[in-house]
file entry-v8.txt (compact mmCIF, N, CA and C atoms)
# COMPACT_ATOMS: atom_id res chain seq x y z
N MET A 538 -89.48 92.68 14.14
CA MET A 538 -88.15 93.22 14.39
C MET A 538 -87.11 92.36 13.65
N ALA A 539 -86.13 93.02 13.09
CA ALA A 539 -85.09 92.33 12.32
C ALA A 539 -84.18 91.52 13.24
N LYS A 540 -83.70 90.41 12.71
CA LYS A 540 -82.75 89.58 13.45
C LYS A 540 -81.43 90.34 13.56
N LEU A 541 -80.80 90.27 14.73
CA LEU A 541 -79.50 90.91 14.96
C LEU A 541 -78.41 89.86 14.88
N PHE A 542 -77.36 90.20 14.14
CA PHE A 542 -76.19 89.34 14.02
C PHE A 542 -74.98 90.06 14.60
N THR A 543 -74.11 89.31 15.27
CA THR A 543 -72.86 89.89 15.77
C THR A 543 -71.85 89.90 14.62
N TYR A 544 -70.81 90.71 14.79
CA TYR A 544 -69.74 90.72 13.80
C TYR A 544 -69.10 89.33 13.68
N LYS A 545 -69.00 88.63 14.82
CA LYS A 545 -68.41 87.29 14.80
C LYS A 545 -69.27 86.34 13.97
N GLU A 546 -70.58 86.40 14.16
CA GLU A 546 -71.47 85.53 13.38
C GLU A 546 -71.32 85.80 11.88
N VAL A 547 -71.27 87.06 11.50
CA VAL A 547 -71.13 87.42 10.09
C VAL A 547 -69.78 86.96 9.56
N SER A 548 -68.74 87.09 10.38
CA SER A 548 -67.38 86.75 9.94
C SER A 548 -67.22 85.27 9.59
N GLU A 549 -68.12 84.44 10.05
CA GLU A 549 -68.05 83.01 9.79
C GLU A 549 -68.60 82.63 8.41
N HIS A 550 -69.10 83.63 7.68
CA HIS A 550 -69.70 83.40 6.36
C HIS A 550 -68.90 84.18 5.32
N LYS A 551 -67.75 83.61 4.92
CA LYS A 551 -66.81 84.36 4.09
C LYS A 551 -66.28 83.60 2.89
N THR A 552 -66.99 82.57 2.46
CA THR A 552 -66.55 81.81 1.29
C THR A 552 -67.57 81.97 0.17
N GLY A 553 -67.18 81.59 -1.03
CA GLY A 553 -68.08 81.68 -2.16
C GLY A 553 -69.33 80.82 -2.01
N ASP A 554 -69.24 79.78 -1.16
CA ASP A 554 -70.38 78.90 -0.93
C ASP A 554 -71.24 79.34 0.26
N ASP A 555 -70.79 80.33 0.99
CA ASP A 555 -71.50 80.82 2.18
C ASP A 555 -70.99 82.23 2.45
N LEU A 556 -71.65 83.22 1.86
CA LEU A 556 -71.10 84.58 1.84
C LEU A 556 -72.10 85.62 2.35
N TRP A 557 -71.74 86.24 3.46
CA TRP A 557 -72.53 87.33 4.02
C TRP A 557 -71.71 88.60 3.97
N LEU A 558 -72.40 89.73 3.77
CA LEU A 558 -71.77 91.05 3.78
C LEU A 558 -72.60 91.99 4.63
N ILE A 559 -71.93 92.96 5.23
CA ILE A 559 -72.60 94.03 5.95
C ILE A 559 -72.50 95.27 5.09
N ILE A 560 -73.64 95.89 4.81
CA ILE A 560 -73.67 97.14 4.06
C ILE A 560 -74.66 98.07 4.75
N HIS A 561 -74.14 99.20 5.19
CA HIS A 561 -74.95 100.20 5.91
C HIS A 561 -75.71 99.59 7.08
N GLY A 562 -75.02 98.75 7.85
CA GLY A 562 -75.59 98.20 9.07
C GLY A 562 -76.55 97.03 8.85
N LYS A 563 -76.76 96.66 7.60
CA LYS A 563 -77.65 95.54 7.31
C LYS A 563 -76.82 94.35 6.85
N VAL A 564 -77.28 93.16 7.17
CA VAL A 564 -76.57 91.93 6.81
C VAL A 564 -77.29 91.30 5.62
N TYR A 565 -76.49 90.96 4.61
CA TYR A 565 -77.02 90.37 3.39
C TYR A 565 -76.35 89.02 3.13
N ASP A 566 -77.17 88.02 2.81
CA ASP A 566 -76.64 86.72 2.40
C ASP A 566 -76.48 86.77 0.89
N CYS A 567 -75.25 86.95 0.44
CA CYS A 567 -74.95 87.14 -0.99
C CYS A 567 -74.53 85.84 -1.67
N THR A 568 -74.70 84.72 -1.00
CA THR A 568 -74.24 83.43 -1.52
C THR A 568 -74.79 83.16 -2.93
N LYS A 569 -76.08 83.35 -3.12
CA LYS A 569 -76.71 83.05 -4.42
C LYS A 569 -76.38 84.11 -5.47
N PHE A 570 -75.84 85.26 -5.03
CA PHE A 570 -75.56 86.36 -5.95
C PHE A 570 -74.11 86.36 -6.44
N VAL A 571 -73.26 85.57 -5.82
CA VAL A 571 -71.82 85.58 -6.13
C VAL A 571 -71.57 85.41 -7.62
N ASP A 572 -72.21 84.43 -8.24
CA ASP A 572 -71.98 84.16 -9.66
C ASP A 572 -72.62 85.19 -10.57
N GLU A 573 -73.58 85.94 -10.07
CA GLU A 573 -74.30 86.94 -10.87
C GLU A 573 -73.70 88.34 -10.75
N HIS A 574 -72.82 88.56 -9.80
CA HIS A 574 -72.29 89.90 -9.54
C HIS A 574 -71.56 90.43 -10.78
N PRO A 575 -72.01 91.57 -11.33
CA PRO A 575 -71.39 92.10 -12.55
C PRO A 575 -69.90 92.43 -12.40
N GLY A 576 -69.46 92.72 -11.19
CA GLY A 576 -68.06 93.03 -10.95
C GLY A 576 -67.20 91.81 -10.70
N GLY A 577 -67.79 90.63 -10.81
CA GLY A 577 -67.06 89.40 -10.57
C GLY A 577 -67.20 88.93 -9.14
N ASP A 578 -66.88 87.67 -8.93
CA ASP A 578 -67.03 87.09 -7.59
C ASP A 578 -65.87 87.43 -6.67
N GLU A 579 -64.71 87.78 -7.25
CA GLU A 579 -63.51 88.00 -6.44
C GLU A 579 -63.70 89.06 -5.36
N ILE A 580 -64.30 90.18 -5.73
CA ILE A 580 -64.45 91.27 -4.76
C ILE A 580 -65.42 90.88 -3.66
N LEU A 581 -66.48 90.16 -4.01
CA LEU A 581 -67.42 89.74 -2.97
C LEU A 581 -66.76 88.77 -2.00
N ILE A 582 -66.00 87.82 -2.53
CA ILE A 582 -65.33 86.84 -1.68
C ILE A 582 -64.27 87.53 -0.82
N GLU A 583 -63.57 88.49 -1.40
CA GLU A 583 -62.55 89.23 -0.65
C GLU A 583 -63.16 89.97 0.54
N LEU A 584 -64.38 90.48 0.37
CA LEU A 584 -65.04 91.24 1.43
C LEU A 584 -65.99 90.39 2.27
N GLY A 585 -66.08 89.10 1.96
CA GLY A 585 -67.00 88.22 2.66
C GLY A 585 -66.80 88.22 4.17
N GLY A 586 -67.92 88.24 4.88
CA GLY A 586 -67.89 88.22 6.34
C GLY A 586 -67.53 89.55 6.98
N GLN A 587 -67.49 90.61 6.19
CA GLN A 587 -67.04 91.91 6.69
C GLN A 587 -68.05 93.02 6.38
N ASP A 588 -67.75 94.19 6.91
CA ASP A 588 -68.50 95.39 6.57
C ASP A 588 -67.97 95.90 5.24
N ALA A 589 -68.79 95.81 4.22
CA ALA A 589 -68.40 96.21 2.86
C ALA A 589 -68.99 97.56 2.48
N THR A 590 -69.43 98.33 3.45
CA THR A 590 -70.07 99.61 3.17
C THR A 590 -69.16 100.55 2.38
N GLY A 591 -67.92 100.71 2.81
CA GLY A 591 -66.99 101.62 2.13
C GLY A 591 -66.78 101.24 0.67
N PRO A 592 -66.36 100.02 0.39
CA PRO A 592 -66.18 99.62 -1.01
C PRO A 592 -67.48 99.70 -1.82
N PHE A 593 -68.60 99.36 -1.20
CA PHE A 593 -69.89 99.43 -1.89
C PHE A 593 -70.19 100.86 -2.31
N ASP A 594 -69.98 101.79 -1.39
CA ASP A 594 -70.24 103.20 -1.69
C ASP A 594 -69.21 103.77 -2.67
N ASP A 595 -67.96 103.35 -2.55
CA ASP A 595 -66.91 103.85 -3.43
C ASP A 595 -67.17 103.53 -4.89
N ILE A 596 -67.77 102.41 -5.16
CA ILE A 596 -68.05 102.00 -6.54
C ILE A 596 -69.16 102.86 -7.13
N GLY A 597 -70.05 103.37 -6.30
CA GLY A 597 -71.15 104.19 -6.80
C GLY A 597 -72.22 103.34 -7.46
N HIS A 598 -72.72 102.34 -6.74
CA HIS A 598 -73.74 101.45 -7.28
C HIS A 598 -75.00 102.23 -7.66
N SER A 599 -75.66 101.80 -8.71
CA SER A 599 -76.89 102.42 -9.19
C SER A 599 -78.05 102.08 -8.26
N GLU A 600 -79.16 102.78 -8.46
CA GLU A 600 -80.37 102.48 -7.69
C GLU A 600 -80.83 101.04 -7.97
N ASP A 601 -80.67 100.59 -9.21
CA ASP A 601 -81.05 99.21 -9.55
C ASP A 601 -80.20 98.21 -8.78
N ALA A 602 -78.90 98.50 -8.65
CA ALA A 602 -78.01 97.62 -7.90
C ALA A 602 -78.41 97.58 -6.43
N ILE A 603 -78.77 98.72 -5.91
CA ILE A 603 -79.19 98.80 -4.50
C ILE A 603 -80.47 97.99 -4.29
N LYS A 604 -81.37 98.02 -5.25
CA LYS A 604 -82.62 97.24 -5.14
C LYS A 604 -82.34 95.74 -5.16
N LEU A 605 -81.25 95.33 -5.82
CA LEU A 605 -80.90 93.91 -5.85
C LEU A 605 -80.56 93.37 -4.46
N LEU A 606 -80.22 94.28 -3.54
CA LEU A 606 -79.89 93.85 -2.18
C LEU A 606 -81.12 93.42 -1.39
N GLU A 607 -82.27 93.98 -1.71
CA GLU A 607 -83.47 93.75 -0.91
C GLU A 607 -83.78 92.28 -0.65
N PRO A 608 -83.80 91.43 -1.68
CA PRO A 608 -84.11 90.01 -1.38
C PRO A 608 -82.98 89.27 -0.66
N LEU A 609 -81.79 89.87 -0.58
CA LEU A 609 -80.66 89.24 0.09
C LEU A 609 -80.58 89.59 1.58
N TYR A 610 -81.39 90.54 2.01
CA TYR A 610 -81.38 91.03 3.38
C TYR A 610 -81.84 89.95 4.36
N ILE A 611 -81.01 89.72 5.41
CA ILE A 611 -81.37 88.71 6.41
C ILE A 611 -81.42 89.26 7.83
N GLY A 612 -80.97 90.50 8.03
CA GLY A 612 -81.02 91.08 9.36
C GLY A 612 -80.10 92.28 9.48
N ASP A 613 -79.89 92.71 10.71
CA ASP A 613 -79.05 93.87 10.99
C ASP A 613 -77.83 93.46 11.81
N ILE A 614 -76.81 94.29 11.74
CA ILE A 614 -75.61 94.03 12.53
C ILE A 614 -75.81 94.60 13.93
N ASP A 615 -75.38 93.87 14.92
CA ASP A 615 -75.41 94.35 16.30
C ASP A 615 -74.17 95.21 16.49
N THR A 616 -74.35 96.52 16.39
CA THR A 616 -73.21 97.43 16.45
C THR A 616 -72.54 97.46 17.81
N THR A 617 -73.18 96.87 18.82
CA THR A 617 -72.55 96.81 20.14
C THR A 617 -71.65 95.58 20.28
N SER A 618 -71.71 94.68 19.31
CA SER A 618 -70.86 93.49 19.38
C SER A 618 -69.42 93.84 19.00
N GLU A 619 -68.51 92.99 19.42
CA GLU A 619 -67.09 93.23 19.16
C GLU A 619 -66.77 92.98 17.69
N LYS A 620 -66.06 93.93 17.07
CA LYS A 620 -65.68 93.78 15.67
C LYS A 620 -64.60 92.71 15.55
N VAL A 621 -64.58 92.05 14.39
CA VAL A 621 -63.67 90.94 14.14
C VAL A 621 -62.90 91.23 12.87
N VAL A 622 -61.60 90.90 12.90
CA VAL A 622 -60.78 91.01 11.69
C VAL A 622 -60.96 89.72 10.91
N VAL A 623 -61.36 89.85 9.66
CA VAL A 623 -61.63 88.67 8.83
C VAL A 623 -60.49 88.45 7.86
N GLU A 624 -59.97 87.24 7.86
CA GLU A 624 -58.94 86.87 6.88
C GLU A 624 -59.59 85.92 5.89
N SER A 625 -59.35 86.15 4.62
CA SER A 625 -59.94 85.33 3.57
C SER A 625 -59.44 83.90 3.68
N THR A 626 -60.38 82.96 3.52
CA THR A 626 -60.01 81.54 3.57
C THR A 626 -59.78 80.98 2.18
N GLU A 627 -60.21 81.70 1.16
CA GLU A 627 -60.02 81.23 -0.20
C GLU A 627 -58.90 82.03 -0.83
N SER A 628 -57.97 81.34 -1.47
CA SER A 628 -56.90 82.05 -2.15
C SER A 628 -57.49 82.79 -3.32
N SER A 629 -57.05 83.99 -3.51
CA SER A 629 -57.62 84.81 -4.56
C SER A 629 -56.52 85.48 -5.34
N ALA A 630 -56.64 85.45 -6.64
CA ALA A 630 -55.69 86.14 -7.50
C ALA A 630 -56.26 87.50 -7.88
N ALA A 631 -57.25 87.96 -7.13
CA ALA A 631 -57.89 89.23 -7.44
C ALA A 631 -56.91 90.37 -7.24
N THR A 632 -56.95 91.29 -8.16
CA THR A 632 -56.11 92.48 -8.05
C THR A 632 -56.96 93.70 -8.30
N THR A 633 -56.47 94.82 -7.90
CA THR A 633 -57.20 96.06 -8.12
C THR A 633 -56.79 96.72 -9.42
N GLY A 634 -55.81 96.15 -10.09
CA GLY A 634 -55.36 96.70 -11.37
C GLY A 634 -54.21 97.66 -11.22
N GLY A 635 -53.82 97.99 -10.00
CA GLY A 635 -52.74 98.95 -9.80
C GLY A 635 -51.41 98.31 -9.47
N GLU A 636 -51.40 97.00 -9.28
CA GLU A 636 -50.17 96.32 -8.93
C GLU A 636 -49.17 96.41 -10.08
N GLY A 637 -47.92 96.65 -9.73
CA GLY A 637 -46.88 96.70 -10.75
C GLY A 637 -46.67 98.07 -11.37
N ASN A 638 -47.48 99.04 -11.02
CA ASN A 638 -47.34 100.37 -11.60
C ASN A 638 -46.04 101.04 -11.19
N GLY A 639 -45.54 100.77 -10.01
CA GLY A 639 -44.29 101.38 -9.55
C GLY A 639 -43.13 101.00 -10.46
N VAL A 640 -43.05 99.74 -10.84
CA VAL A 640 -42.00 99.27 -11.73
C VAL A 640 -42.13 99.93 -13.09
N MET A 641 -43.36 100.06 -13.57
CA MET A 641 -43.61 100.68 -14.87
C MET A 641 -43.16 102.14 -14.85
N ILE A 642 -43.46 102.85 -13.79
CA ILE A 642 -43.08 104.26 -13.69
C ILE A 642 -41.56 104.39 -13.66
N ILE A 643 -40.91 103.56 -12.89
CA ILE A 643 -39.44 103.60 -12.82
C ILE A 643 -38.84 103.30 -14.20
N ALA A 644 -39.38 102.32 -14.90
CA ALA A 644 -38.89 101.97 -16.23
C ALA A 644 -39.06 103.15 -17.19
N LEU A 645 -40.19 103.82 -17.13
CA LEU A 645 -40.43 104.98 -18.00
C LEU A 645 -39.47 106.11 -17.68
N ILE A 646 -39.20 106.33 -16.41
CA ILE A 646 -38.25 107.38 -16.01
C ILE A 646 -36.85 107.05 -16.54
N VAL A 647 -36.44 105.80 -16.40
CA VAL A 647 -35.12 105.38 -16.89
C VAL A 647 -35.03 105.60 -18.40
N VAL A 648 -36.06 105.21 -19.14
CA VAL A 648 -36.07 105.40 -20.59
C VAL A 648 -36.00 106.89 -20.93
N PHE A 649 -36.79 107.69 -20.24
CA PHE A 649 -36.78 109.14 -20.48
C PHE A 649 -35.40 109.73 -20.22
N LEU A 650 -34.78 109.34 -19.11
CA LEU A 650 -33.45 109.86 -18.79
C LEU A 650 -32.41 109.40 -19.81
N ALA A 651 -32.53 108.16 -20.29
CA ALA A 651 -31.59 107.66 -21.30
C ALA A 651 -31.73 108.46 -22.59
N ILE A 652 -32.97 108.74 -23.00
CA ILE A 652 -33.20 109.53 -24.21
C ILE A 652 -32.66 110.94 -24.03
N ALA A 653 -32.93 111.55 -22.88
CA ALA A 653 -32.46 112.91 -22.60
C ALA A 653 -30.93 112.94 -22.60
N PHE A 654 -30.31 111.96 -21.97
CA PHE A 654 -28.85 111.88 -21.93
C PHE A 654 -28.28 111.78 -23.35
N TYR A 655 -28.91 110.95 -24.16
CA TYR A 655 -28.46 110.76 -25.54
C TYR A 655 -28.52 112.09 -26.33
N TYR A 656 -29.64 112.78 -26.25
CA TYR A 656 -29.79 114.03 -27.02
C TYR A 656 -28.90 115.16 -26.49
N PHE A 657 -28.70 115.24 -25.19
CA PHE A 657 -27.88 116.31 -24.64
C PHE A 657 -26.39 116.08 -24.90
N ASN A 658 -26.00 114.86 -25.19
CA ASN A 658 -24.59 114.56 -25.45
C ASN A 658 -24.30 114.44 -26.95
N GLN A 659 -25.15 114.90 -27.78
CA GLN A 659 -24.94 114.88 -29.24
C GLN A 659 -24.19 116.11 -29.68
call {"tool": "encode", "arguments": {"input": "entry-v8.txt", "output": "C-alpha cells"}}
result
Amino acid sequence: MAKLFTYKEVSEHKTGDDLWLIIHGKVYDCTKFVDEHPGGDEILIELGGQDATGPFDDIGHSEDAIKLLEPLYIGDIDTTSEKVVVESTESSAATTGGEGNGVMIIALIVVFLAIAFYYFNQ
C-alpha cells in the first residue's frame, strides 16, 4: 500500500532543495528533477508543496513527460486531510509572460488615436 501524506506534510517541501508536488492525487519528490525540468525550475518552485494538477494538465505534457514522474513517486495524498495554503519561501522573478500587456495596449490605443486625430484634422 502506498504511503499517505497530508497536505500539511507536502506543504513543508517547497524549496528548490526539497520540492514535492501533488499531481492527480499522487505525491512526487521533484527535488532531483528541478534542474532538469525543460520548462525551467521557476514553475516547479512556484508550485512546490502544492497540488500542481491543474497547471500540469494545462501545459499538456507528453506521454514521455508523464513517464518521467514514475521514479519520482513517493506516495499518495490523504484527501481527507486539511488543505493548506502554501506561500513560496524563495523569491522568484518568474513571470507568465503576460505582465505589462495592459500598458502596451493602452500605449497602442493612444498612438492609434493620435494618428486618427492627425489624419481627420488634415
call {"tool": "atom_distance", "arguments": {"input": "entry-v8.txt", "atom1": "atom N of Lys545 in chain A", "atom2": "CA of Trp557 in chain A"}}
result
11.4 Å
call {"tool": "residues_around", "arguments": {"input": "entry-v8.txt", "residues": "Ala589 in chain A", "least_positions_apart": "3", "cutoff": "7 Å", "atoms": "only N, CA and C atoms", "output": "MDAnalysis selection string"}}
result
chainID A and resid 558:561 584 586 592:594
call {"tool": "atom_distance", "arguments": {"input": "entry-v8.txt", "atom1": "CA of Pro575 in chain A", "atom2": "CA of Gln587 in chain A"}}
result
19.7 Å
call {"tool": "atom_distance", "arguments": {"input": "entry-v8.txt", "atom1": "atom C of Tyr544 in chain A", "atom2": "atom C of Asp566 in chain A"}}
result
15.0 Å
call {"tool": "axis_aligned_box", "arguments": {"input": "entry-v8.txt", "around": "range 641-655 of chain A", "padding_each_side": "8 Å", "output": "lines of an AutoDock Vina configuration file"}}
result
center_x = -35.9
center_y = 106.5
center_z = -19.6
size_x = 31.3
size_y = 28.9
size_z = 29.5
call {"tool": "select_by_dssp", "arguments": {"input": "entry-v8.txt", "residues": "chain A", "states": "strand (DSSP E)", "output": "PyMOL selection string"}}
result
chain A and resi 541-542+551-552+555-560+563-566+610-614
call {"tool": "residues_around", "arguments": {"input": "entry-v8.txt", "residues": "range 596-613 of chain A", "least_positions_apart": "2", "cutoff": "12 Å", "atoms": "only C-alpha atoms", "output": "PyMOL selection string"}}
result
chain A and resi 538-544+546-547+556-571+573-576+580+588-594+615-618
call {"tool": "decode", "arguments": {"input": "entry-v8.txt", "residues": "range 594-619 of chain A", "atoms": "N, CA, C and O atoms", "output": "PDB file, in the first residue's frame"}}
result
ATOM      1  N   ASP A 594      -1.771  19.731 -16.127  1.00  0.00           N
ATOM      2  CA  ASP A 594      -2.679  19.370 -17.216  1.00  0.00           C
ATOM      3  C   ASP A 594      -2.796  20.489 -18.247  1.00  0.00           C
ATOM      4  O   ASP A 594      -2.905  20.221 -19.448  1.00  0.00           O
ATOM      5  N   ASP A 595      -2.782  21.734 -17.792  1.00  0.00           N
ATOM      6  CA  ASP A 595      -2.913  22.873 -18.707  1.00  0.00           C
ATOM      7  C   ASP A 595      -1.776  22.936 -19.719  1.00  0.00           C
ATOM      8  O   ASP A 595      -1.986  23.361 -20.856  1.00  0.00           O
ATOM      9  N   ILE A 596      -0.603  22.529 -19.334  1.00  0.00           N
ATOM     10  CA  ILE A 596       0.550  22.563 -20.230  1.00  0.00           C
ATOM     11  C   ILE A 596       0.421  21.495 -21.305  1.00  0.00           C
ATOM     12  O   ILE A 596       0.919  21.645 -22.401  1.00  0.00           O
ATOM     13  N   GLY A 597      -0.274  20.418 -21.019  1.00  0.00           N
ATOM     14  CA  GLY A 597      -0.425  19.339 -21.994  1.00  0.00           C
ATOM     15  C   GLY A 597       0.848  18.522 -22.123  1.00  0.00           C
ATOM     16  O   GLY A 597       1.380  18.358 -23.211  1.00  0.00           O
ATOM     17  N   HIS A 598       1.344  18.017 -21.002  1.00  0.00           N
ATOM     18  CA  HIS A 598       2.574  17.223 -21.012  1.00  0.00           C
ATOM     19  C   HIS A 598       2.415  15.978 -21.884  1.00  0.00           C
ATOM     20  O   HIS A 598       1.351  15.362 -21.934  1.00  0.00           O
ATOM     21  N   SER A 599       3.487  15.592 -22.534  1.00  0.00           N
ATOM     22  CA  SER A 599       3.511  14.404 -23.395  1.00  0.00           C
ATOM     23  C   SER A 599       3.503  13.139 -22.547  1.00  0.00           C
ATOM     24  O   SER A 599       3.740  13.183 -21.334  1.00  0.00           O
ATOM     25  N   GLU A 600       3.280  12.011 -23.220  1.00  0.00           N
ATOM     26  CA  GLU A 600       3.339  10.720 -22.529  1.00  0.00           C
ATOM     27  C   GLU A 600       4.743  10.491 -21.951  1.00  0.00           C
ATOM     28  O   GLU A 600       4.890   9.936 -20.869  1.00  0.00           O
ATOM     29  N   ASP A 601       5.768  10.937 -22.674  1.00  0.00           N
ATOM     30  CA  ASP A 601       7.143  10.793 -22.174  1.00  0.00           C
ATOM     31  C   ASP A 601       7.339  11.595 -20.893  1.00  0.00           C
ATOM     32  O   ASP A 601       7.999  11.139 -19.965  1.00  0.00           O
ATOM     33  N   ALA A 602       6.765  12.798 -20.844  1.00  0.00           N
ATOM     34  CA  ALA A 602       6.873  13.625 -19.647  1.00  0.00           C
ATOM     35  C   ALA A 602       6.160  12.959 -18.476  1.00  0.00           C
ATOM     36  O   ALA A 602       6.653  12.981 -17.342  1.00  0.00           O
ATOM     37  N   ILE A 603       5.026  12.373 -18.756  1.00  0.00           N
ATOM     38  CA  ILE A 603       4.264  11.692 -17.700  1.00  0.00           C
ATOM     39  C   ILE A 603       5.057  10.497 -17.169  1.00  0.00           C
ATOM     40  O   ILE A 603       5.072  10.239 -15.965  1.00  0.00           O
ATOM     41  N   LYS A 604       5.755   9.794 -18.048  1.00  0.00           N
ATOM     42  CA  LYS A 604       6.574   8.652 -17.613  1.00  0.00           C
ATOM     43  C   LYS A 604       7.734   9.095 -16.723  1.00  0.00           C
ATOM     44  O   LYS A 604       8.196   8.335 -15.878  1.00  0.00           O
ATOM     45  N   LEU A 605       8.204  10.339 -16.919  1.00  0.00           N
ATOM     46  CA  LEU A 605       9.295  10.850 -16.081  1.00  0.00           C
ATOM     47  C   LEU A 605       8.876  10.976 -14.617  1.00  0.00           C
ATOM     48  O   LEU A 605       9.725  11.029 -13.723  1.00  0.00           O
ATOM     49  N   LEU A 606       7.563  11.030 -14.372  1.00  0.00           N
ATOM     50  CA  LEU A 606       7.083  11.137 -12.994  1.00  0.00           C
ATOM     51  C   LEU A 606       7.236   9.832 -12.215  1.00  0.00           C
ATOM     52  O   LEU A 606       7.383   9.860 -10.991  1.00  0.00           O
ATOM     53  N   GLU A 607       7.197   8.715 -12.904  1.00  0.00           N
ATOM     54  CA  GLU A 607       7.180   7.414 -12.232  1.00  0.00           C
ATOM     55  C   GLU A 607       8.278   7.232 -11.187  1.00  0.00           C
ATOM     56  O   GLU A 607       7.991   6.850 -10.050  1.00  0.00           O
ATOM     57  N   PRO A 608       9.543   7.511 -11.520  1.00  0.00           N
ATOM     58  CA  PRO A 608      10.579   7.314 -10.483  1.00  0.00           C
ATOM     59  C   PRO A 608      10.538   8.363  -9.361  1.00  0.00           C
ATOM     60  O   PRO A 608      11.190   8.193  -8.327  1.00  0.00           O
ATOM     61  N   LEU A 609       9.764   9.436  -9.545  1.00  0.00           N
ATOM     62  CA  LEU A 609       9.670  10.487  -8.537  1.00  0.00           C
ATOM     63  C   LEU A 609       8.539  10.241  -7.535  1.00  0.00           C
ATOM     64  O   LEU A 609       8.438  10.922  -6.523  1.00  0.00           O
ATOM     65  N   TYR A 610       7.703   9.255  -7.816  1.00  0.00           N
ATOM     66  CA  TYR A 610       6.531   8.944  -6.995  1.00  0.00           C
ATOM     67  C   TYR A 610       6.953   8.442  -5.617  1.00  0.00           C
ATOM     68  O   TYR A 610       7.776   7.542  -5.496  1.00  0.00           O
ATOM     69  N   ILE A 611       6.374   9.078  -4.558  1.00  0.00           N
ATOM     70  CA  ILE A 611       6.699   8.651  -3.190  1.00  0.00           C
ATOM     71  C   ILE A 611       5.469   8.268  -2.378  1.00  0.00           C
ATOM     72  O   ILE A 611       5.597   7.747  -1.278  1.00  0.00           O
ATOM     73  N   GLY A 612       4.276   8.527  -2.897  1.00  0.00           N
ATOM     74  CA  GLY A 612       3.069   8.152  -2.170  1.00  0.00           C
ATOM     75  C   GLY A 612       1.854   8.893  -2.693  1.00  0.00           C
ATOM     76  O   GLY A 612       1.893   9.518  -3.752  1.00  0.00           O
ATOM     77  N   ASP A 613       0.776   8.806  -1.936  1.00  0.00           N
ATOM     78  CA  ASP A 613      -0.488   9.436  -2.314  1.00  0.00           C
ATOM     79  C   ASP A 613      -0.862  10.518  -1.312  1.00  0.00           C
ATOM     80  O   ASP A 613      -0.417  10.494  -0.165  1.00  0.00           O
ATOM     81  N   ILE A 614      -1.702  11.435  -1.758  1.00  0.00           N
ATOM     82  CA  ILE A 614      -2.184  12.481  -0.864  1.00  0.00           C
ATOM     83  C   ILE A 614      -3.385  11.954  -0.086  1.00  0.00           C
ATOM     84  O   ILE A 614      -4.238  11.254  -0.643  1.00  0.00           O
ATOM     85  N   ASP A 615      -3.431  12.263   1.178  1.00  0.00           N
ATOM     86  CA  ASP A 615      -4.593  11.921   2.008  1.00  0.00           C
ATOM     87  C   ASP A 615      -5.638  12.995   1.764  1.00  0.00           C
ATOM     88  O   ASP A 615      -5.562  14.094   2.317  1.00  0.00           O
ATOM     89  N   THR A 616      -6.599  12.686   0.907  1.00  0.00           N
ATOM     90  CA  THR A 616      -7.597  13.681   0.515  1.00  0.00           C
ATOM     91  C   THR A 616      -8.521  14.065   1.660  1.00  0.00           C
ATOM     92  O   THR A 616      -9.243  15.049   1.557  1.00  0.00           O
ATOM     93  N   THR A 617      -8.477  13.323   2.766  1.00  0.00           N
ATOM     94  CA  THR A 617      -9.296  13.687   3.920  1.00  0.00           C
ATOM     95  C   THR A 617      -8.578  14.682   4.831  1.00  0.00           C
ATOM     96  O   THR A 617      -9.180  15.224   5.749  1.00  0.00           O
ATOM     97  N   SER A 618      -7.295  14.915   4.573  1.00  0.00           N
ATOM     98  CA  SER A 618      -6.550  15.868   5.394  1.00  0.00           C
ATOM     99  C   SER A 618      -6.923  17.295   5.012  1.00  0.00           C
ATOM    100  O   SER A 618      -7.422  17.552   3.919  1.00  0.00           O
ATOM    101  N   GLU A 619      -6.653  18.202   5.928  1.00  0.00           N
ATOM    102  CA  GLU A 619      -6.995  19.613   5.708  1.00  0.00           C
ATOM    103  C   GLU A 619      -6.038  20.233   4.696  1.00  0.00           C
ATOM    104  O   GLU A 619      -4.819  20.095   4.807  1.00  0.00           O
TER     105      GLU A 619
END
